[in-house]
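Novice: You'll find coords_19.txt just under this line, and it carries compact mmCIF, C-alpha atoms and all ligand atoms.
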# COMPACT_ATOMS: atom_id res chain seq x y z
CA MET A 1 3.14 39.67 29.78
CA THR A 2 4.69 36.45 31.07
CA GLN A 3 8.10 35.67 29.55
CA HIS A 4 8.50 32.00 28.76
CA GLN A 5 11.96 30.62 29.02
CA THR A 6 13.05 27.98 26.45
CA ALA A 7 12.76 25.37 29.19
CA ASP A 8 9.03 25.88 29.78
CA ILE A 9 7.70 26.90 26.35
CA THR A 10 6.54 23.33 25.70
CA GLN A 11 4.35 23.37 28.83
CA ALA A 12 3.12 26.87 27.93
CA VAL A 13 1.85 25.60 24.56
CA LEU A 14 0.20 22.55 26.19
CA ASP A 15 -1.49 24.78 28.80
CA ARG A 16 -3.28 26.60 25.96
CA LEU A 17 -5.16 23.38 25.16
CA ALA A 18 -7.14 23.70 28.40
CA ASP A 19 -10.34 24.70 26.57
CA SER A 20 -10.02 22.17 23.73
CA THR A 21 -13.15 19.98 23.86
CA ASP A 22 -12.23 16.97 21.65
CA PRO A 23 -10.18 14.61 23.88
CA ARG A 24 -8.60 12.66 20.98
CA PHE A 25 -7.62 15.87 19.18
CA LYS A 26 -6.12 17.15 22.43
CA GLN A 27 -4.17 13.92 22.91
CA ILE A 28 -2.82 14.04 19.34
CA ILE A 29 -1.76 17.71 19.48
CA THR A 30 -0.17 17.22 22.91
CA THR A 31 1.96 14.33 21.68
CA VAL A 32 2.91 16.09 18.42
CA VAL A 33 3.94 19.29 20.27
CA LYS A 34 5.96 17.36 22.87
CA HIS A 35 7.81 15.30 20.22
CA ALA A 36 8.40 18.28 17.88
CA HIS A 37 9.81 20.40 20.71
CA ALA A 38 11.97 17.51 21.94
CA ALA A 39 13.36 16.94 18.42
CA ILE A 40 14.17 20.65 17.99
CA ARG A 41 15.95 20.73 21.36
CA GLU A 42 17.84 17.50 20.62
CA LEU A 43 18.97 18.88 17.25
CA ASP A 44 19.61 22.40 18.55
CA LEU A 45 17.91 23.34 15.27
CA LYS A 46 19.11 26.53 13.59
CA PRO A 47 16.64 29.09 12.13
CA GLU A 48 17.89 28.49 8.57
CA GLU A 49 17.35 24.74 9.02
CA TRP A 50 13.80 25.28 10.23
CA MET A 51 13.19 27.63 7.27
CA ALA A 52 14.50 24.94 4.88
CA ALA A 53 12.02 22.47 6.41
CA ILE A 54 9.16 24.96 5.96
CA GLN A 55 10.19 25.59 2.34
CA PHE A 56 10.33 21.83 1.71
CA LEU A 57 6.80 21.31 3.09
CA THR A 58 5.55 24.30 1.06
CA LYS A 59 6.96 22.66 -2.08
CA VAL A 60 5.31 19.36 -1.12
CA GLY A 61 1.97 21.21 -0.92
CA HIS A 62 2.50 22.97 -4.26
CA THR A 63 3.24 19.64 -5.94
CA CYS A 64 -0.21 18.26 -5.02
CA ASP A 65 -3.12 18.35 -7.47
CA GLU A 66 -6.10 16.05 -8.24
CA LYS A 67 -3.74 13.42 -9.64
CA ARG A 68 -0.65 13.82 -7.52
CA GLN A 69 -0.56 13.61 -3.71
CA GLU A 70 2.96 14.47 -2.63
CA PHE A 71 2.04 14.44 1.10
CA ILE A 72 0.93 10.79 0.86
CA LEU A 73 4.16 10.03 -1.00
CA LEU A 74 6.09 11.73 1.81
CA SER A 75 4.20 9.64 4.37
CA ASP A 76 4.82 6.46 2.29
CA THR A 77 8.55 7.04 1.81
CA LEU A 78 9.09 7.85 5.50
CA GLY A 79 7.37 4.58 6.52
CA VAL A 80 4.48 6.42 8.22
CA SER A 81 1.76 4.97 5.94
CA MET A 82 2.96 1.41 6.51
CA LEU A 83 3.16 1.93 10.28
CA VAL A 84 -0.44 3.21 10.32
CA VAL A 85 -1.53 0.19 8.19
CA GLN A 86 0.14 -2.27 10.58
CA LEU A 87 -1.36 -0.68 13.71
CA ASP A 88 -4.79 -0.61 12.05
CA GLN A 89 -4.64 -4.26 11.06
CA ALA A 90 -3.55 -5.31 14.56
CA ARG A 91 -6.40 -3.27 16.09
CA ARG A 92 -9.05 -4.67 13.73
CA SER A 93 -7.85 -8.27 13.93
CA LYS A 94 -7.90 -8.51 17.74
CA ARG A 95 -10.63 -11.19 17.67
CA ALA A 96 -8.55 -13.40 15.38
CA ALA A 97 -5.43 -12.87 17.51
CA ALA A 98 -7.32 -13.94 20.67
CA ASP A 99 -8.85 -17.03 19.00
CA THR A 100 -6.72 -19.96 20.18
CA THR A 101 -8.54 -22.36 17.81
CA ALA A 102 -7.58 -20.38 14.66
CA THR A 103 -5.43 -22.40 12.26
CA VAL A 104 -4.49 -19.72 9.72
CA ALA A 105 -3.08 -16.23 10.37
CA PRO A 106 -4.92 -13.39 8.62
CA THR A 107 -3.04 -12.28 5.49
CA GLU A 108 -0.93 -9.22 6.24
CA ALA A 109 -2.03 -5.82 4.97
CA THR A 110 0.17 -3.33 3.16
CA VAL A 111 -0.14 0.19 1.72
CA GLN A 112 -2.94 0.95 -0.73
CA GLY A 113 -0.86 3.35 -2.83
CA PRO A 114 -2.23 6.10 -5.06
CA PHE A 115 -3.42 3.99 -8.00
CA TYR A 116 -6.59 2.39 -6.64
CA TRP A 117 -9.62 3.13 -8.83
CA GLU A 118 -13.08 2.34 -7.47
CA ASN A 119 -15.63 0.36 -9.46
CA ALA A 120 -13.28 -1.68 -11.62
CA PRO A 121 -15.26 -4.00 -13.93
CA VAL A 122 -16.73 -7.13 -12.32
CA LEU A 123 -15.48 -10.03 -14.45
CA PRO A 124 -16.07 -13.80 -14.44
CA LEU A 125 -13.43 -15.98 -12.83
CA GLY A 126 -10.74 -16.99 -15.34
CA SER A 127 -10.90 -13.69 -17.29
CA ASP A 128 -7.74 -12.18 -18.74
CA ILE A 129 -7.13 -8.55 -17.69
CA GLY A 130 -3.61 -8.49 -19.16
CA LYS A 131 -4.54 -9.22 -22.77
CA GLY A 132 -2.57 -7.05 -25.19
CA MET A 133 -0.66 -5.34 -22.35
CA PRO A 134 3.13 -5.05 -22.21
CA GLY A 135 4.39 -7.83 -19.95
CA GLU A 136 4.54 -11.61 -19.57
CA PRO A 137 1.20 -13.37 -18.98
CA ALA A 138 0.62 -14.72 -15.48
CA TYR A 139 -2.15 -17.02 -14.23
CA TYR A 140 -3.16 -16.22 -10.62
CA SER A 141 -5.12 -18.71 -8.56
CA GLY A 142 -5.85 -19.64 -4.96
CA ARG A 143 -8.46 -19.51 -2.29
CA VAL A 144 -9.89 -17.07 0.23
CA THR A 145 -10.58 -18.61 3.65
CA ASP A 146 -11.34 -17.48 7.17
CA THR A 147 -8.82 -17.99 9.98
CA HIS A 148 -10.09 -21.58 10.47
CA GLY A 149 -9.37 -22.48 6.85
CA LYS A 150 -13.09 -22.40 5.94
CA PRO A 151 -13.63 -21.15 2.36
CA ILE A 152 -15.24 -17.75 1.91
CA ALA A 153 -17.58 -17.94 -1.07
CA ASN A 154 -18.56 -14.89 -3.12
CA CYS A 155 -15.71 -12.86 -1.61
CA CYS A 156 -14.64 -9.86 -3.70
CA LEU A 157 -11.07 -9.78 -4.94
CA ASP A 158 -10.40 -6.32 -6.40
CA VAL A 159 -7.01 -6.44 -8.17
CA TRP A 160 -4.88 -3.84 -9.94
CA SER A 161 -1.29 -3.45 -11.11
CA GLY A 162 0.98 -1.58 -13.45
CA ASP A 163 1.83 -3.20 -16.78
CA GLY A 164 4.98 -5.18 -17.58
CA GLU A 165 6.85 -1.87 -17.78
CA GLY A 166 5.58 -0.71 -14.39
CA VAL A 167 3.08 1.84 -15.75
CA TYR A 168 -0.41 2.15 -14.22
CA ASP A 169 -3.44 3.19 -16.30
CA MET A 170 -3.82 6.28 -14.06
CA GLN A 171 -0.36 7.48 -15.06
CA MET A 172 -1.08 7.36 -18.78
CA GLY A 173 -2.74 10.77 -19.12
CA GLY A 174 -5.64 11.54 -21.39
CA ASP A 175 -8.66 9.26 -21.12
CA ALA A 176 -6.85 5.94 -21.38
CA GLY A 177 -9.50 4.40 -19.10
CA MET A 178 -9.07 1.39 -16.82
CA ARG A 179 -6.67 -1.42 -17.65
CA LEU A 180 -5.12 -4.24 -15.65
CA ARG A 181 -7.78 -4.00 -12.98
CA ALA A 182 -10.97 -5.94 -12.21
CA ARG A 183 -13.16 -7.33 -9.45
CA PHE A 184 -13.59 -11.10 -9.20
CA HIS A 185 -15.80 -13.10 -6.83
CA THR A 186 -14.74 -16.42 -5.33
CA ASP A 187 -16.71 -19.57 -6.13
CA ALA A 188 -18.48 -21.82 -3.58
CA GLU A 189 -15.11 -23.28 -2.47
CA GLY A 190 -13.57 -19.83 -2.00
CA ARG A 191 -11.48 -20.29 -5.15
CA TYR A 192 -10.38 -17.56 -7.54
CA GLN A 193 -8.40 -17.55 -10.76
CA PHE A 194 -7.63 -14.93 -13.42
CA TRP A 195 -4.99 -13.97 -15.98
CA SER A 196 -2.96 -10.77 -15.84
CA ILE A 197 0.74 -9.99 -16.29
CA LYS A 198 3.71 -10.64 -14.04
CA PRO A 199 4.27 -7.25 -12.38
CA THR A 200 7.63 -5.56 -12.60
CA TYR A 201 9.41 -3.04 -10.35
CA TYR A 202 8.88 0.67 -10.93
CA PRO A 203 9.84 3.99 -9.33
CA VAL A 204 7.45 6.08 -7.23
CA PRO A 205 7.17 9.60 -8.70
CA ASP A 206 10.56 11.18 -7.97
CA ASP A 207 10.46 14.42 -9.98
CA GLY A 208 9.19 16.47 -6.99
CA PRO A 209 10.39 17.41 -3.48
CA VAL A 210 10.03 13.83 -2.19
CA GLY A 211 12.39 12.70 -4.98
CA ASP A 212 14.86 15.41 -3.85
CA MET A 213 14.52 14.12 -0.29
CA LEU A 214 15.17 10.51 -1.37
CA ARG A 215 18.32 11.59 -3.26
CA ALA A 216 19.51 13.61 -0.23
CA MET A 217 18.97 10.46 1.87
CA GLY A 218 21.00 8.40 -0.63
CA ARG A 219 17.92 6.27 -1.46
CA HIS A 220 16.48 4.91 -4.71
CA PRO A 221 12.77 5.46 -5.54
CA ASN A 222 11.90 1.91 -6.61
CA ARG A 223 9.20 -0.47 -5.48
CA PRO A 224 9.56 -4.21 -6.16
CA GLY A 225 7.06 -5.72 -8.62
CA HIS A 226 3.65 -6.32 -7.07
CA ILE A 227 0.00 -6.80 -7.85
CA HIS A 228 -2.43 -5.05 -5.50
CA ALA A 229 -5.46 -6.82 -4.04
CA MET A 230 -8.34 -5.63 -1.92
CA VAL A 231 -10.19 -8.62 -0.50
CA TYR A 232 -13.50 -8.07 1.24
CA LYS A 233 -16.81 -9.54 2.28
CA ASP A 234 -19.30 -8.45 4.97
CA GLY A 235 -18.51 -10.08 8.30
CA TYR A 236 -14.72 -10.06 7.75
CA VAL A 237 -11.99 -7.47 8.23
CA SER A 238 -11.32 -6.06 4.73
CA LEU A 239 -7.79 -6.60 3.55
CA THR A 240 -5.69 -4.32 1.32
CA THR A 241 -2.48 -6.00 0.33
CA HIS A 242 0.01 -6.90 -2.45
CA LEU A 243 1.58 -10.06 -3.86
CA PHE A 244 5.28 -9.79 -4.73
CA PRO A 245 7.13 -12.12 -7.18
CA SER A 246 10.04 -13.63 -5.24
CA ASP A 247 12.57 -12.83 -7.99
CA SER A 248 11.80 -9.11 -8.11
CA PRO A 249 14.58 -6.61 -7.45
CA TYR A 250 14.13 -4.21 -4.51
CA LEU A 251 12.30 -6.66 -2.20
CA ASP A 252 14.83 -5.69 0.48
CA SER A 253 14.59 -1.95 -0.08
CA ASP A 254 11.03 -1.07 -1.16
CA ALA A 255 10.84 2.75 -1.32
CA VAL A 256 7.60 2.66 0.74
CA PHE A 257 8.46 -0.19 3.18
CA GLY A 258 5.43 -2.24 2.02
CA VAL A 259 7.03 -5.70 1.72
CA ARG A 260 6.06 -8.45 4.19
CA ASP A 261 7.79 -11.82 3.90
CA ASN A 262 4.56 -13.79 3.68
CA LEU A 263 3.36 -11.74 0.69
CA ILE A 264 6.34 -12.88 -1.43
CA LEU A 265 5.66 -15.89 -3.67
CA PRO A 266 7.30 -17.74 -6.53
CA PHE A 267 6.04 -17.04 -10.04
CA GLN A 268 6.67 -20.32 -11.87
CA LYS A 269 7.81 -19.75 -15.46
CA HIS A 270 6.47 -22.15 -18.15
CA ALA A 271 7.39 -22.70 -21.79
CA PRO A 272 4.68 -21.95 -24.38
CA GLY A 273 1.94 -24.58 -24.22
CA LYS A 274 -1.02 -25.65 -22.16
CA ALA A 275 -1.86 -23.59 -19.05
CA PRO A 276 -3.61 -24.96 -15.90
CA ASP A 277 -7.00 -23.75 -17.18
CA GLY A 278 -6.53 -25.62 -20.50
CA ARG A 279 -5.73 -22.47 -22.46
CA VAL A 280 -2.83 -22.90 -24.93
CA LEU A 281 -0.30 -20.04 -25.04
CA ASP A 282 2.17 -19.41 -27.84
CA LYS A 283 4.56 -17.55 -25.51
CA PRO A 284 6.08 -18.25 -22.10
CA PHE A 285 3.79 -17.62 -19.13
CA HIS A 286 3.88 -17.69 -15.33
CA THR A 287 1.68 -19.28 -12.69
CA ALA A 288 1.32 -17.82 -9.19
CA SER A 289 -0.74 -19.39 -6.44
CA TYR A 290 -1.72 -17.66 -3.21
CA ASP A 291 -4.32 -18.24 -0.48
CA PHE A 292 -5.71 -15.22 1.35
CA ALA A 293 -7.11 -15.44 4.90
CA LEU A 294 -9.51 -12.88 6.36
CA ALA A 295 -10.05 -12.22 10.05
CA PRO A 296 -13.61 -12.10 11.43
CA ALA A 297 -14.90 -8.52 11.79
C1 LIG A 301 2.03 1.76 -5.42
O1 LIG A 301 2.14 0.67 -4.98
O2 LIG A 301 1.45 1.84 -6.45
C2 LIG A 301 2.57 2.96 -4.67
C3 LIG A 301 2.54 2.95 -3.30
C4 LIG A 301 3.03 4.05 -2.62
C5 LIG A 301 3.55 5.15 -3.31
C6 LIG A 301 3.58 5.12 -4.70
C7 LIG A 301 3.10 4.02 -5.38
FE FE A 302 1.64 -0.35 -6.93
As structure tokens, how would this structure be written, given the file I've shared?
Specialist:
Amino acid sequence: MTQHQTADITQAVLDRLADSTDPRFKQIITTVVKHAHAAIRELDLKPEEWMAAIQFLTKVGHTCDEKRQEFILLSDTLGVSMLVVQLDQARRSKRAAADTTATVAPTEATVQGPFYWENAPVLPLGSDIGKGMPGEPAYYSGRVTDTHGKPIANCCLDVWSGDGEGVYDMQMGGDAGMRLRARFHTDAEGRYQFWSIKPTYYPVPDDGPVGDMLRAMGRHPNRPGHIHAMVYKDGYVSLTTHLFPSDSPYLDSDAVFGVRDNLILPFQKHAPGKAPDGRVLDKPFHTASYDFALAPA
């Protein structure tokens, strides 16, 4: 049997891919093997350190169930999810990037996170999805346009957030059902408006191995306040993004690296009284205005 020296074991592993038939799979495995071997050589990794890594990944797997996906959390907190999102958006928005007549940049995408729930109720524009929820009321309004500033009518805006204490419906256990989420459709001028709450910061789940990793790294688990939005219509590149209040803590150190400067906006605070839609509130409220732009598909 051939003895492989440490110096050529990497090539020996790659040689065994000769009969692999899927070229993309082969390319991925080749790169992963090369980088993993290079990292182990660079670190001069000790057996007990490699065993600790295997035990950590085993714990990550054991922490997963139908509700909890610790591997995605690991990917999020190491910035891998956000990197994949950015590469994907750049790839899918190539037409917009090459269009020298475009006047508006497509809105930047960010991570979807684990709390998206399909088929949220379709509600009329102006509805209040934050009624009775912990948190300060906020009126969201704006437009959806293409990259030439042309309004996109009947565009779906699927929004969701935690409540004013940072808790999502999906984290409530039992059959709490959906709350603080809905789908709206823009009017003929591409306009949207709805009421919800001003989102607050909250920690990603940190009672598992990823939490242990964050503590070992000297990091906190918090995400700045944000409301999620998925914006889509046939003929355009679908967008999954967030809006962040500009006064939220942790904008500079989001645990999942999801903040982009142009997704941060002021939430104007108002005394009790008349809101922009004519509604009269007996407590303080916020207004937040944001225009989304979608790239052509
Ligand atoms: C969130 O935004 O809801 C989220 C994103 C990544 C990990 C955990 C939570
Ligand atoms: Fe979130």
Novice: Determine the nearest neighbour of ligand FE 302 (chain A) from the options A:Tyr116, A:Trp50, A:Phe71, A:Tyr192, counting only C-alpha atoms and all ligand atoms.
Specialist: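 Closest to ligand FE 302 (chain A), using only C-alpha atoms and all ligand atoms: A:Tyr116.
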Novice: When you count only C-alpha atoms, which of these residues is closest to A:Tyr201: A:Gly162, A:Gly173, A:Pro106, A:Gly142?
Specialist: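 Using only C-alpha atoms, A:Tyr201 sits closest to A:Gly162.
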Novice: What residues have any atom no more than 10 Å from ligand LIG 301 (chain A) when counting only C-alpha atoms and all ligand atoms, and can you list them as number ranges by chain?
Specialist: A: 69-70, 72-77, 81-82, 110-116, 160-162, 166-168, 201-206, 221-228, 241-242, 254-258
Novice: What is the atom CA of A:Ala105 to atom CA of A:Thr147 distance in Å?
Specialist: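 Going from atom CA of A:Ala105 over to atom CA of A:Thr147, I get 6.0 Å.
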Novice: What is the distance between atom CA of A:Gln55 and atom CA of A:His37, in Å to one decimal?
Specialist: 19.1 Å
Novice: Go through A:Ala188, A:Val210, A:Ile29, A:Ala120 one by one, measure the shortest atom-to-atom distance of each to A:Cys155 using all atoms listed in the file, and give the residue with the smallest value.
Specialist: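 With all atoms listed in the file as the atom set, the closest residue is A:Ala188.
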Novice: What is the atom CA of A:Thr287 to atom CA of A:Lys269 distance in Å?
Specialist: 6.7 Å
Novice: Closest to ligand FE 302 (chain A) among A:Ala38, A:Leu281, A:Leu78, A:Val259, using all atoms listed in the file?
Specialist: A:Val259
Novice: I'd like to know which of A:Asp163, A:Asp15, A:Asp158, A:Glu48 is closest to ligand FE 302 (chain A), using only C-alpha atoms and all ligand atoms.
Specialist: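 Looking at the shortest contact to ligand FE 302 (chain A), the residue is A:Asp163.
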Novice: Could you give me, as a list in words, the residues within 10 Å of A:Arg191, counting all atoms listed in the file and dropping anything in the same chain fewer than 2 positions from it?
Specialist: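 Returned residues: Leu125, Ser141, Gly142, Arg143, Val144, Thr145, Pro151, Ile152, Ala153, Asn154, Cys155, His185, Thr186, Asp187, Ala188, Glu189, Gln193 and Asp291 of chain A.
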Novice: Next, the residues of the selection above should be written as an mmCIF file, in the frame of the given file with C-alpha atoms.
Specialist:
data_model
loop_
_atom_site.group_PDB
_atom_site.id
_atom_site.type_symbol
_atom_site.label_atom_id
_atom_site.label_comp_id
_atom_site.auth_asym_id
_atom_site.auth_seq_id
_atom_site.Cartn_x
_atom_site.Cartn_y
_atom_site.Cartn_z
ATOM 1 C CA LEU A 125 -13.430 -15.980 -12.830
ATOM 2 C CA SER A 141 -5.120 -18.710 -8.560
ATOM 3 C CA GLY A 142 -5.850 -19.640 -4.960
ATOM 4 C CA ARG A 143 -8.460 -19.510 -2.290
ATOM 5 C CA VAL A 144 -9.890 -17.070 0.230
ATOM 6 C CA THR A 145 -10.580 -18.610 3.650
ATOM 7 C CA PRO A 151 -13.630 -21.150 2.360
ATOM 8 C CA ILE A 152 -15.240 -17.750 1.910
ATOM 9 C CA ALA A 153 -17.580 -17.940 -1.070
ATOM 10 C CA ASN A 154 -18.560 -14.890 -3.120
ATOM 11 C CA CYS A 155 -15.710 -12.860 -1.610
ATOM 12 C CA HIS A 185 -15.800 -13.100 -6.830
ATOM 13 C CA THR A 186 -14.740 -16.420 -5.330
ATOM 14 C CA ASP A 187 -16.710 -19.570 -6.130
ATOM 15 C CA ALA A 188 -18.480 -21.820 -3.580
ATOM 16 C CA GLU A 189 -15.110 -23.280 -2.470
ATOM 17 C CA GLN A 193 -8.400 -17.550 -10.760
ATOM 18 C CA ASP A 291 -4.320 -18.240 -0.480
#
Novice: Restricting the calculation to only C-alpha atoms: of A:Pro209, A:Gly164, A:Asp252, A:Thr31, which residue gets closest to A:Gly132?
Specialist: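 Closest to A:Gly132, using only C-alpha atoms: A:Gly164.
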Novice: Show me, as a list in words, the residues that have an atom within 7 Å of A:Tyr139 when counting only C-alpha atoms, minus same-chain residues fewer than 2 positions from it.
Specialist: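 Non-adjacent residues within range: Pro137, Ser141, Phe194, Trp195, Ser196, His286, Thr287 and Ala288 of chain A.
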Novice: Give the padded box for stretch 35-45 of chain A as AutoDock Vina command-line options: axis-aligned, covering all atoms listed in the file, 5 Å on each side, centre and edge lengths in Å to one decimal.
Specialist:
--center_x 13.7 --center_y 19.3 --center_z 18.6 --size_x 21.8 --size_y 18.0 --size_z 16.7
Novice: Just want the 7 Å neighbourhood of stretch 87-99 of chain A, counted on all atoms listed in the file, with same-chain residues fewer than 4 positions away dropped. Output as a ChimeraX atom specification.
Specialist: /A:83,109,237,295-296
Novice: Would you kindly identify which residues have an atom no farther than 12 Å from (5.9, 26.1, 22.6), using only C-alpha atoms and the file's own coordinates, and write them out as JSON, numbers by chain?
Specialist: {"A": [4, 5, 6, 7, 8, 9, 10, 11, 12, 13, 14, 15, 16, 17, 29, 30, 32, 33, 34, 35, 36, 37, 38, 40, 41]}
